[in-house]
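Trainee: Here it is, the structure in full.
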Amino acid sequence: MQPLTGGVSSDIWKVDLERGPVCVKRALARLRVAQTWEAPVERNRYEYEWFRVAGEAAPGAVPKVLAQGEGAFAMEYLDPARYPVWKELLRQGRADPPFATAVGAALAKVHAFTSGKPDVAARFATDDIFHAIRLEPYLLATARKHPDVRERLNDLASTTAQTRTALVHGDVSPKNILAGPHGPVFLDAECAWYGDPAFDLAFCLNHLLLKCLWVPPAAPAFMQCFKALLAGYRPADGVAARTAALLPALLLARVDGKSPVEYLTTETQKNHVRQFARPRIQDPVSLPELAAAWHESLK
């Protein structure tokens, strides 16, 4: 057994068996972050179930799950040499708009496949877990730090919690997406919930914006990835509007919430995000307008 690094919410191991390696994952009750952040460990079971459903919706876009037991599950081990992490590629400035399009298309398949299905909704009635590891540490914790947008952030949390239309991954981040030889592979579905697909879309688009401050020379290409991911997903009007409302809130949350991104280390970078996000939380704009404004703010 070899421990794998990179996660804050689970213990993950590569386990070598006679027939080859597998990956075993166990959820932690208390996450490895600076602020106190606790979450129900039963999320492990829902992650396993998300992989099963998503694998049916978008074959090849998730690892094959092998077994599930008390507090842990096993899945196929994907060799990093063939399945690099998308975040690492972005860190190197390697932007690939066609890959971003494929990410958006695969995510849309999962949402469309599960949309309006009462049986899936019943299997993923994980409102308490989603509140504990998404709404509270991101939107509500940020609201407590910014009184001027507190009411708006609280409203966004409430609207998101009450919108239940499709199976949501909850952590669609480049660190949880592998660039496989046949397209994207999604990992880390601990936040799986039957809820608002706009959260997934906003969560991923948010990272593409933030990466512009991390790797400034690649910012124009990252903005092309932003547009490509949207084109691959093709959100309906309602999803697009909710995504546009959530996006600046998530930008601010990754600076002042319980899980700030580790690569924005200077106050200049953080203030850039704050100054951009707060007025747009108060007065949302469309996704194209928001992308154009962010691109302009980088100049």
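Letters A, B, ... mark the chains of the structure tokens in the order given; residue numbers begin at 1 per chain; ligand numbers begin at 1, in order shown.
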Just the residues within 7 Å of stretch 55-69 of chain A, please, counting only C-alpha atoms, with nothing from its chain fewer than 6 positions along; format it as a list in words.

Mentor: Met75, Glu76, Ala106, Lys109, Val110, Phe113, Pro184, Val185, Phe186 and Leu187 of chain A

Trainee: Set the distance at 12 Å and use only C-alpha atoms: which residues neighbour A:Glu151 once local chain neighbours fewer than 3 positions away are removed? I'd like the list as a list in words.

Mentor: Leu139, Leu140, Thr142, Ala143, Arg144, Lys145, His146, Pro147, Asp148, Asn154, Asp155, Leu156, Ala157, Ser158, Ala249, Ile281 and Gln282 of chain A

Trainee: Those same residues, written as an mmCIF file, in the first residue's frame with C-alpha atoms?

Mentor:
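Saved result, result.cif, follows:
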```cif
data_model
loop_
_atom_site.group_PDB
_atom_site.id
_atom_site.type_symbol
_atom_site.label_atom_id
_atom_site.label_comp_id
_atom_site.auth_asym_id
_atom_site.auth_seq_id
_atom_site.Cartn_x
_atom_site.Cartn_y
_atom_site.Cartn_z
ATOM 1 C CA LEU A 139 -21.030 30.706 0.256
ATOM 2 C CA LEU A 140 -22.096 31.092 3.895
ATOM 3 C CA THR A 142 -17.737 33.992 2.760
ATOM 4 C CA ALA A 143 -20.948 35.857 3.539
ATOM 5 C CA ARG A 144 -19.867 36.225 7.168
ATOM 6 C CA LYS A 145 -16.677 37.963 6.042
ATOM 7 C CA HIS A 146 -18.347 40.381 3.614
ATOM 8 C CA PRO A 147 -21.345 42.153 5.185
ATOM 9 C CA ASP A 148 -21.917 44.241 2.040
ATOM 10 C CA ASN A 154 -27.134 33.848 1.658
ATOM 11 C CA ASP A 155 -29.819 34.078 -1.022
ATOM 12 C CA LEU A 156 -27.576 32.288 -3.523
ATOM 13 C CA ALA A 157 -26.994 29.485 -1.030
ATOM 14 C CA SER A 158 -30.730 29.168 -0.447
ATOM 15 C CA ALA A 249 -19.652 34.274 -5.494
ATOM 16 C CA ILE A 281 -22.332 39.369 -6.783
ATOM 17 C CA GLN A 282 -24.565 42.321 -6.047
#
```

Trainee: Can you tell me which residues surround A:Phe226 at a distance of at most 12 Å, considering only C-alpha atoms, apart from same-chain residues fewer than 6 positions away, and format the answer as an MDAnalysis selection string?

Mentor: chainID A and resid 95:104 201:212 219:220 232:233 287:288 290:292 294:295

Trainee: Those residues you just picked out, can you put them in a file as an mmCIF file, in the first residue's frame with N, CA and C atoms?

Mentor:
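Output (again26.cif):
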```
data_model
loop_
_atom_site.group_PDB
_atom_site.id
_atom_site.type_symbol
_atom_site.label_atom_id
_atom_site.label_comp_id
_atom_site.auth_asym_id
_atom_site.auth_seq_id
_atom_site.Cartn_x
_atom_site.Cartn_y
_atom_site.Cartn_z
ATOM 1 N N ALA A 95 -2.763 25.079 -22.185
ATOM 2 C CA ALA A 95 -4.208 25.225 -22.373
ATOM 3 C C ALA A 95 -4.625 24.500 -23.653
ATOM 4 N N ASP A 96 -5.721 23.771 -23.568
ATOM 5 C CA ASP A 96 -6.205 22.973 -24.698
ATOM 6 C C ASP A 96 -7.713 23.162 -24.822
ATOM 7 N N PRO A 97 -8.166 24.151 -25.603
ATOM 8 C CA PRO A 97 -9.608 24.387 -25.722
ATOM 9 C C PRO A 97 -10.425 23.170 -26.133
ATOM 10 N N PRO A 98 -9.954 22.322 -27.077
ATOM 11 C CA PRO A 98 -10.756 21.128 -27.397
ATOM 12 C C PRO A 98 -10.959 20.209 -26.189
ATOM 13 N N PHE A 99 -9.954 20.109 -25.322
ATOM 14 C CA PHE A 99 -10.136 19.304 -24.118
ATOM 15 C C PHE A 99 -11.181 19.947 -23.215
ATOM 16 N N ALA A 100 -11.141 21.274 -23.080
ATOM 17 C CA ALA A 100 -12.145 21.978 -22.278
ATOM 18 C C ALA A 100 -13.539 21.751 -22.838
ATOM 19 N N THR A 101 -13.658 21.734 -24.157
ATOM 20 C CA THR A 101 -14.949 21.427 -24.782
ATOM 21 C C THR A 101 -15.425 20.038 -24.373
ATOM 22 N N ALA A 102 -14.505 19.081 -24.355
ATOM 23 C CA ALA A 102 -14.860 17.707 -23.977
ATOM 24 C C ALA A 102 -15.282 17.629 -22.514
ATOM 25 N N VAL A 103 -14.645 18.422 -21.647
ATOM 26 C CA VAL A 103 -15.049 18.473 -20.241
ATOM 27 C C VAL A 103 -16.490 18.955 -20.126
ATOM 28 N N GLY A 104 -16.803 20.044 -20.819
ATOM 29 C CA GLY A 104 -18.164 20.574 -20.789
ATOM 30 C C GLY A 104 -19.179 19.592 -21.339
ATOM 31 N N LEU A 201 -21.149 23.669 -13.213
ATOM 32 C CA LEU A 201 -20.636 24.484 -14.312
ATOM 33 C C LEU A 201 -19.889 25.702 -13.772
ATOM 34 N N ALA A 202 -20.482 26.386 -12.807
ATOM 35 C CA ALA A 202 -19.837 27.564 -12.226
ATOM 36 C C ALA A 202 -18.549 27.189 -11.508
ATOM 37 N N PHE A 203 -18.552 26.058 -10.820
ATOM 38 C CA PHE A 203 -17.390 25.641 -10.042
ATOM 39 C C PHE A 203 -16.177 25.439 -10.948
ATOM 40 N N CYS A 204 -16.393 24.825 -12.107
ATOM 41 C CA CYS A 204 -15.285 24.565 -13.023
ATOM 42 C C CYS A 204 -14.845 25.832 -13.752
ATOM 43 N N LEU A 205 -15.798 26.613 -14.242
ATOM 44 C CA LEU A 205 -15.456 27.854 -14.922
ATOM 45 C C LEU A 205 -14.688 28.788 -13.997
ATOM 46 N N ASN A 206 -15.042 28.782 -12.731
ATOM 47 C CA ASN A 206 -14.370 29.611 -11.737
ATOM 48 C C ASN A 206 -12.865 29.334 -11.718
ATOM 49 N N HIS A 207 -12.507 28.056 -11.774
ATOM 50 C CA HIS A 207 -11.093 27.702 -11.734
ATOM 51 C C HIS A 207 -10.350 28.204 -12.964
ATOM 52 N N LEU A 208 -10.979 28.206 -14.107
ATOM 53 C CA LEU A 208 -10.311 28.699 -15.308
ATOM 54 C C LEU A 208 -10.033 30.199 -15.199
ATOM 55 N N LEU A 209 -10.931 30.928 -14.543
ATOM 56 C CA LEU A 209 -10.672 32.356 -14.325
ATOM 57 C C LEU A 209 -9.522 32.556 -13.349
ATOM 58 N N LEU A 210 -9.546 31.837 -12.236
ATOM 59 C CA LEU A 210 -8.504 32.003 -11.224
ATOM 60 C C LEU A 210 -7.127 31.618 -11.752
ATOM 61 N N LYS A 211 -7.080 30.622 -12.629
ATOM 62 C CA LYS A 211 -5.781 30.204 -13.178
ATOM 63 C C LYS A 211 -5.123 31.320 -13.976
ATOM 64 N N CYS A 212 -5.902 32.274 -14.434
ATOM 65 C CA CYS A 212 -5.327 33.410 -15.171
ATOM 66 C C CYS A 212 -4.401 34.237 -14.279
ATOM 67 N N ALA A 219 -3.081 33.400 -19.693
ATOM 68 C CA ALA A 219 -4.440 33.881 -19.447
ATOM 69 C C ALA A 219 -5.307 33.929 -20.713
ATOM 70 N N PRO A 220 -4.824 34.464 -21.836
ATOM 71 C CA PRO A 220 -5.692 34.472 -23.033
ATOM 72 C C PRO A 220 -6.129 33.071 -23.454
ATOM 73 N N GLY A 232 -19.039 23.442 -25.084
ATOM 74 C CA GLY A 232 -19.244 22.007 -24.967
ATOM 75 C C GLY A 232 -20.452 21.656 -24.126
ATOM 76 N N TYR A 233 -20.701 22.455 -23.101
ATOM 77 C CA TYR A 233 -21.833 22.195 -22.201
ATOM 78 C C TYR A 233 -23.155 22.675 -22.804
ATOM 79 N N LEU A 287 -22.934 35.398 -18.592
ATOM 80 C CA LEU A 287 -21.638 34.730 -18.662
ATOM 81 C C LEU A 287 -20.702 35.367 -19.696
ATOM 82 N N PRO A 288 -21.150 35.698 -20.911
ATOM 83 C CA PRO A 288 -20.244 36.369 -21.853
ATOM 84 C C PRO A 288 -19.763 37.719 -21.325
ATOM 85 N N LEU A 290 -19.485 38.590 -18.175
ATOM 86 C CA LEU A 290 -18.575 38.350 -17.061
ATOM 87 C C LEU A 290 -17.192 37.945 -17.568
ATOM 88 N N ALA A 291 -17.155 37.065 -18.570
ATOM 89 C CA ALA A 291 -15.871 36.633 -19.127
ATOM 90 C C ALA A 291 -15.118 37.805 -19.757
ATOM 91 N N ALA A 292 -15.837 38.642 -20.474
ATOM 92 C CA ALA A 292 -15.201 39.796 -21.101
ATOM 93 C C ALA A 292 -14.652 40.763 -20.058
ATOM 94 N N TRP A 294 -13.741 40.007 -16.956
ATOM 95 C CA TRP A 294 -12.580 39.402 -16.296
ATOM 96 C C TRP A 294 -11.334 39.535 -17.179
ATOM 97 N N HIS A 295 -11.488 39.251 -18.457
ATOM 98 C CA HIS A 295 -10.361 39.368 -19.392
ATOM 99 C C HIS A 295 -9.829 40.799 -19.389
#
```

Trainee: Tell me, which residues of stretch 54-152 of chain A carry DSSP helix (DSSP H, G or I), written as an MDAnalysis selection string?

Mentor: chainID A and resid 54:57 86:91 97:114 118:123 127:145 147:152

Trainee: Check the smallest atom-to-atom distance from each of A:Leu229, A:Val22, A:Val215, A:Ala105 to A:Ala74 using only C-alpha atoms, then report the winner.

Mentor: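 Using only C-alpha atoms, A:Ala74 sits closest to A:Val22.
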
Trainee: Could you tell me which of A:His111, A:Lys175, A:Arg45, A:Arg280 comes closest to A:Ala198 if we count only C-alpha atoms?

Mentor: A:His111

Trainee: Between A:Pro3, A:Gly116, A:Pro248, A:Gly170, which residue has the minimum interatomic distance to A:Glu47, considering only C-alpha atoms?

Mentor: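 Closest to A:Glu47 of all the choices is A:Gly170.
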
Trainee: What are the DSSP strand (DSSP E) residues of stretch 108-256 of chain A, as a ChimeraX atom specification?

Mentor: /A:166-168,177-180,183-186,193-195

Trainee: Print the selection's residues with N, CA and C atoms to a file, as a PDB file, in the first residue's frame.

Mentor:
```pdb
ATOM      1  N   ALA A 166     -30.908  17.739 -11.308  1.00  0.00           N
ATOM      2  CA  ALA A 166     -30.001  16.765 -11.926  1.00  0.00           C
ATOM      3  C   ALA A 166     -28.947  16.322 -10.915  1.00  0.00           C
ATOM      4  N   LEU A 167     -28.222  15.273 -11.267  1.00  0.00           N
ATOM      5  CA  LEU A 167     -27.163  14.768 -10.398  1.00  0.00           C
ATOM      6  C   LEU A 167     -25.918  15.637 -10.540  1.00  0.00           C
ATOM      7  N   VAL A 168     -25.477  16.186  -9.425  1.00  0.00           N
ATOM      8  CA  VAL A 168     -24.366  17.136  -9.376  1.00  0.00           C
ATOM      9  C   VAL A 168     -23.133  16.444  -8.813  1.00  0.00           C
ATOM     10  N   ILE A 177      -9.832  16.320 -12.477  1.00  0.00           N
ATOM     11  CA  ILE A 177     -10.082  15.880 -13.855  1.00  0.00           C
ATOM     12  C   ILE A 177      -8.755  15.429 -14.457  1.00  0.00           C
ATOM     13  N   LEU A 178      -8.739  14.216 -14.950  1.00  0.00           N
ATOM     14  CA  LEU A 178      -7.560  13.681 -15.625  1.00  0.00           C
ATOM     15  C   LEU A 178      -7.703  13.868 -17.127  1.00  0.00           C
ATOM     16  N   ALA A 179      -6.587  14.191 -17.769  1.00  0.00           N
ATOM     17  CA  ALA A 179      -6.575  14.323 -19.229  1.00  0.00           C
ATOM     18  C   ALA A 179      -6.185  12.970 -19.814  1.00  0.00           C
ATOM     19  N   GLY A 180      -7.157  12.114 -19.953  1.00  0.00           N
ATOM     20  CA  GLY A 180      -6.907  10.764 -20.419  1.00  0.00           C
ATOM     21  C   GLY A 180      -6.688  10.700 -21.919  1.00  0.00           C
ATOM     22  N   GLY A 183     -10.042  11.321 -23.525  1.00  0.00           N
ATOM     23  CA  GLY A 183     -10.878  12.420 -23.038  1.00  0.00           C
ATOM     24  C   GLY A 183     -10.800  12.574 -21.536  1.00  0.00           C
ATOM     25  N   PRO A 184     -11.598  13.470 -20.977  1.00  0.00           N
ATOM     26  CA  PRO A 184     -11.532  13.738 -19.540  1.00  0.00           C
ATOM     27  C   PRO A 184     -12.060  12.586 -18.701  1.00  0.00           C
ATOM     28  N   VAL A 185     -11.462  12.428 -17.517  1.00  0.00           N
ATOM     29  CA  VAL A 185     -11.913  11.451 -16.531  1.00  0.00           C
ATOM     30  C   VAL A 185     -12.112  12.190 -15.217  1.00  0.00           C
ATOM     31  N   PHE A 186     -13.317  12.143 -14.676  1.00  0.00           N
ATOM     32  CA  PHE A 186     -13.664  12.882 -13.466  1.00  0.00           C
ATOM     33  C   PHE A 186     -13.392  12.046 -12.220  1.00  0.00           C
ATOM     34  N   TRP A 193     -24.713  15.059  -5.238  1.00  0.00           N
ATOM     35  CA  TRP A 193     -25.987  15.574  -4.713  1.00  0.00           C
ATOM     36  C   TRP A 193     -26.953  15.731  -5.873  1.00  0.00           C
ATOM     37  N   TYR A 194     -28.217  15.456  -5.627  1.00  0.00           N
ATOM     38  CA  TYR A 194     -29.218  15.732  -6.653  1.00  0.00           C
ATOM     39  C   TYR A 194     -29.677  17.161  -6.452  1.00  0.00           C
ATOM     40  N   GLY A 195     -29.212  18.049  -7.324  1.00  0.00           N
ATOM     41  CA  GLY A 195     -29.464  19.466  -7.100  1.00  0.00           C
ATOM     42  C   GLY A 195     -29.317  20.292  -8.356  1.00  0.00           C
TER      43      GLY A 195
END
```

Trainee: Within 8 Å of A:Ser259, counting only C-alpha atoms, which residues qualify if same-chain residues fewer than 3 places away don't, as a PyMOL selection string?

Mentor: chain A and resi 33+137-138+253-256

Trainee: When you look at A:Leu252 with a cut-off of 8 Å (counting only C-alpha atoms), what residues show up, excluding the ones that are within fewer than 5 positions of it in the same chain? I need them as a ChimeraX atom specification.

Mentor: /A:142,257,273-274,277-278

Trainee: I'd like the neighbourhood of A:Ala236 as a PyMOL selection string, where a residue qualifies if any of its atoms comes within 12 Å (using only C-alpha atoms), though same-chain residues fewer than 2 positions away should be ignored.

Mentor: chain A and resi 108+111-112+197-198+201+230-231+233-234+238-243

Trainee: How would the residues just picked look written out with C-alpha atoms as a CSV table (one decimal), in the first residue's frame?

Mentor:
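Full text of out-v8.csv as output:
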```csv
chain,number,residue,atom,x,y,z
A,108,ALA,CA,-23.6,17.9,-19.7
A,111,HIS,CA,-26.7,16.2,-16.0
A,112,ALA,CA,-28.9,15.4,-19.0
A,197,PRO,CA,-26.3,21.6,-12.3
A,198,ALA,CA,-25.3,25.3,-12.5
A,201,LEU,CA,-20.6,24.5,-14.3
A,230,LEU,CA,-19.3,26.6,-22.2
A,231,ALA,CA,-19.6,25.7,-25.8
A,233,TYR,CA,-21.8,22.2,-22.2
A,234,ARG,CA,-24.4,24.4,-24.0
A,238,GLY,CA,-32.0,29.0,-16.7
A,239,VAL,CA,-28.8,27.1,-16.0
A,240,ALA,CA,-26.7,29.8,-17.7
A,241,ALA,CA,-28.3,32.6,-15.5
A,242,ARG,CA,-27.8,30.7,-12.3
A,243,THR,CA,-24.2,29.9,-13.3
```
